[in-house]
Each structure stands twice: as structure tokens, then as C-alpha cells.
Amino acid sequence: GKPFSSKMARAYFEGGWKEVEVYKVQDLEPGHEIQGPAIIVQPIATVVLEIGTSAVVTAEENLEITVMQSEKEEEPEMTESGALPVVKEDPIQLSIFGHRFMGIAEQMGRTLARTSTSVNIKERLDFSCALFTPEGGLVANAPHIPVHLGSMQEAVRFQVKYWSSEGREGVCEGDVFLSNHPQLAGGSHLPDLTVITPVFNNGKIIFFVASRGHHSDIGGIAPGSMPPNSKFLVDEGAAIVSFKLVRNGVFQEEGVTEILMEPGKIPGNSGTRNLRDNISDLRAQVAANNAGIRLLNQLVDEYSLHVVHSYMNFIQQNAELSVRKMLKDFAIKNGSRHQAVDFMDDGSRIE
């Protein structure tokens, strides 16, 4: 039969205060079912059944709680075109999404650190991971190596523009791009190899994820690929404008090996001196990107693609407003013009 409630109590739930029934666990028998909202008092704990939940007393006198699907919220206001609902910015949700995006980038970094083999990436953690909009705009970057992050957005945008230009095969599902060129492709210095993966949904690009890792050697005139006496870019090793590291889901080991050994054809130069680590770490970067894709797809399944895209835009807008405010506050305090002086290692003055 229906369980007996000992009294009524006033409790706060989503939506406001409610009068709810209070049950003592010793009065409940196997088979009793209680619909939320309600309160169940145990000798050492209190169980609060939220709205949309129910509890059944099992044969072992445990409580089996079921969370039922909540009613759908009212559809937000439609756009004038009627194509998609307008998502209204909520400050709490903005914070939640900001942390979710950041958490995905951090998980990518953990995957990269676990699956790589080189000292540079596995132990020194000289890498960065980030998420991007379908246009290549930066959304979230984990707090890895700050110097990597300023140019990663340009690296992603370059690949989109490069492969979408006339005469090229385009960005296809199952492709992963590799680049490091600092002048042409948004790179930092040549040892920082950037691996970029587009995220597809129903044949359309919905995000990009990318990881940039410092490889211990990619060729050049000196081990480590950072010679202090270099005069040309090729002195640092292999310069990659764009290469499909993965094509149709297949890792192009032979192709990337040829690229990394290419500098050795130049007199006085050398190809990579540690190809095994290069290949292993590139595979790890691909795996890190795949981890980000999996987590982004879970986020889309939870909130819908339209909502996720909307909060990506809100985060970018909020970042812009924060920087503008910082610059205005600085100008109010220090004036609209500011000068600073520093010196290079040889004493050269920089003003």
C-alpha cells in the first residue's frame, strides 16, 4: 500500500518553496514507492527526492532512486528567419561552458602526456591543446605553454583557407593536418609541430581541435633544431606549410618520414635525428585530438550543437569585453600612451 508519511515540511526546490511529505525509513517496507518531491529520514542521513524523481524500497530495504526525464523547457524565441532558436546568454551557463571547454582541452593534454614517448612532451610537458570554432577562432586553451597559443588560431585558419582554395581537395572527414611554418602557416618555431583535426557532424565541420608539441629534433644544422648561429629557416630543420598527416583515417607515416628527412638533402644539413620519437609523438598528438573530439561530441549530445556553438560565441564576446575593459582601466590609470625600456642579452636597448 501507500507508505505513511510522518509529517509535512517546507523545503526549497528548483522553482521555489514547496510543502512536501516526510517519511521515516523505518516506516517503509519493500515495494513502497515514493514520488518526489519528498524527504526520507534515515538514522544517519536524510534523502531528498528532487522533483521528477522517485524512490522504491527494494527487497534488501535499500532505496532505488530513478531520475525521470524532466519536461522540456519552452522553446526560446525564434529568429526572424525562423531557422534556429535564439539562445539567450546566461551568466551561470557561460561559466559552466567555459569550464567544460577548458576541461576538454586539459583532458587532451593529459592524453598527450600519457601517450607520447619523448622527454620533451611526456616529462617537460612542452605542448599545448586548444578548441576552435568552425571558422578557426580560439575558444579555449588549456594553461600549458602560453607562447604556443597566440599563433595557434592563425595556424588553424590557415589550414582552412589553404585546403579550401581552388584546385585543392578540401577538408575531408578523416583528415588530420600537420604544419609548423612560422611565416606562412601560423607556426611559432620549427620544432613546434601543430596537429589539427576537423570535427564533423552530418558532413559539416562543427569544430576544430589542435595540439602543438615541441619535438626534440626535426633536422637542421645542429641537434635540437634550434641552432644559435642559424641564418636561414631551413637551418632549423623541416619546414611544413601543410601536410595531411592522416588521410581518410590512415596515418601517413611514409609521407611524414620523407618530409622530416628532407633537410638532410642540403649540404651541411641533416634530417631528423630522432625519427622514432617524432612518429610516436605525432601519433600521440592525433590521439589527444581524438580525445577532444569524443568529449566535444558528448557535450553536443548533452546540450545540442546550436547551444554549444552559441556559448562558444558568448565566450569569445566575453573575452573581448574583458580585454577592452582591462585596456580602458590601464589607460585611465597610466594614460593612453605608455613606454617601456628593456635590454637584450648583448645590451641592445629595446624601447
# chains A, B, ... in the order shown; residues from 1 in each chain; ligands from 1

call {"tool": "residues_around", "arguments": {"residues": "A:Gly136", "least_positions_apart": "4", "cutoff": "7 Å", "atoms": "only C-alpha atoms", "output": "CSV table (one decimal) with N, CA and C atoms, in the first residue's frame"}}
result
chain,number,residue,atom,x,y,z
A,132,PHE,N,38.6,25.1,-31.1
A,132,PHE,CA,38.3,26.2,-32.1
A,132,PHE,C,36.9,26.1,-32.7
A,153,GLN,N,45.6,29.9,-33.4
A,153,GLN,CA,44.3,30.3,-34.1
A,153,GLN,C,44.7,30.6,-35.5
A,156,VAL,N,45.2,27.3,-37.5
A,156,VAL,CA,44.0,26.6,-37.8
A,156,VAL,C,43.4,27.3,-39.0
A,157,ARG,N,43.3,28.6,-38.9
A,157,ARG,CA,42.6,29.4,-40.0
A,157,ARG,C,43.4,29.2,-41.3
A,208,PHE,N,37.1,22.6,-34.6
A,208,PHE,CA,38.5,22.1,-34.8
A,208,PHE,C,39.1,21.9,-33.5

call {"tool": "select_by_dssp", "arguments": {"residues": "stretch 118-289 of chain A", "states": "strand (DSSP E)", "output": "number ranges by chain"}}
result
A: 127-132, 138-141, 176-179, 192-201, 204-214, 243-247, 250-251

call {"tool": "write_last_selection", "arguments": {"atoms": "C-alpha atoms", "output": "CSV table (one decimal), in the first residue's frame"}}
result
chain,number,residue,atom,x,y,z
A,127,PHE,CA,52.9,21.2,-25.5
A,128,SER,CA,49.5,23.0,-25.8
A,129,CYS,CA,46.0,21.9,-26.7
A,130,ALA,CA,43.0,24.0,-27.7
A,131,LEU,CA,39.5,24.1,-29.1
A,132,PHE,CA,38.3,26.2,-32.1
A,138,LEU,CA,40.1,30.2,-30.5
A,139,VAL,CA,37.6,29.2,-27.8
A,140,ALA,CA,39.5,27.5,-25.0
A,141,ASN,CA,43.2,26.7,-24.5
A,176,VAL,CA,44.3,15.5,-39.9
A,177,PHE,CA,46.7,18.3,-40.8
A,178,LEU,CA,50.3,18.9,-39.8
A,179,SER,CA,52.2,22.2,-40.0
A,192,ASP,CA,56.8,23.1,-32.6
A,193,LEU,CA,54.7,20.7,-34.7
A,194,THR,CA,51.0,21.5,-34.8
A,195,VAL,CA,48.4,18.7,-35.5
A,196,ILE,CA,44.9,20.0,-36.4
A,197,THR,CA,41.8,17.8,-36.6
A,198,PRO,CA,38.4,19.0,-38.0
A,199,VAL,CA,35.3,17.7,-36.2
A,200,PHE,CA,32.5,16.7,-38.5
A,201,ASN,CA,28.7,16.3,-37.9
A,204,LYS,CA,29.7,19.6,-41.9
A,205,ILE,CA,32.7,20.9,-39.9
A,206,ILE,CA,31.4,21.9,-36.5
A,207,PHE,CA,34.7,22.4,-34.6
A,208,PHE,CA,38.5,22.1,-34.8
A,209,VAL,CA,40.8,20.7,-32.2
A,210,ALA,CA,44.6,21.1,-32.2
A,211,SER,CA,47.7,20.2,-30.3
A,212,ARG,CA,51.1,21.7,-30.6
A,213,GLY,CA,54.1,19.9,-29.3
A,214,HIS,CA,57.9,20.7,-29.2
A,243,PHE,CA,50.6,18.1,-44.9
A,244,LYS,CA,47.7,15.6,-44.4
A,245,LEU,CA,49.2,13.6,-41.6
A,246,VAL,CA,46.1,11.4,-41.6
A,247,ARG,CA,44.2,11.0,-44.9
A,250,VAL,CA,45.1,6.4,-42.4
A,251,PHE,CA,48.2,7.7,-40.7

call {"tool": "closest_residue", "arguments": {"among": "A:Leu49, A:Lys2, A:Pro146, A:Gln339", "to": "A:Val22", "atoms": "only C-alpha atoms"}}
result
A:Leu49

call {"tool": "closest_residue", "arguments": {"among": "A:Ser336, A:Val57, A:Gln285, A:Thr46", "to": "A:Arg110", "atoms": "only C-alpha atoms"}}
result
A:Gln285

call {"tool": "closest_residue", "arguments": {"among": "A:Glu106, A:Glu123, A:Glu61, A:Glu169", "to": "A:Gln26", "atoms": "only C-alpha atoms"}}
result
A:Glu61
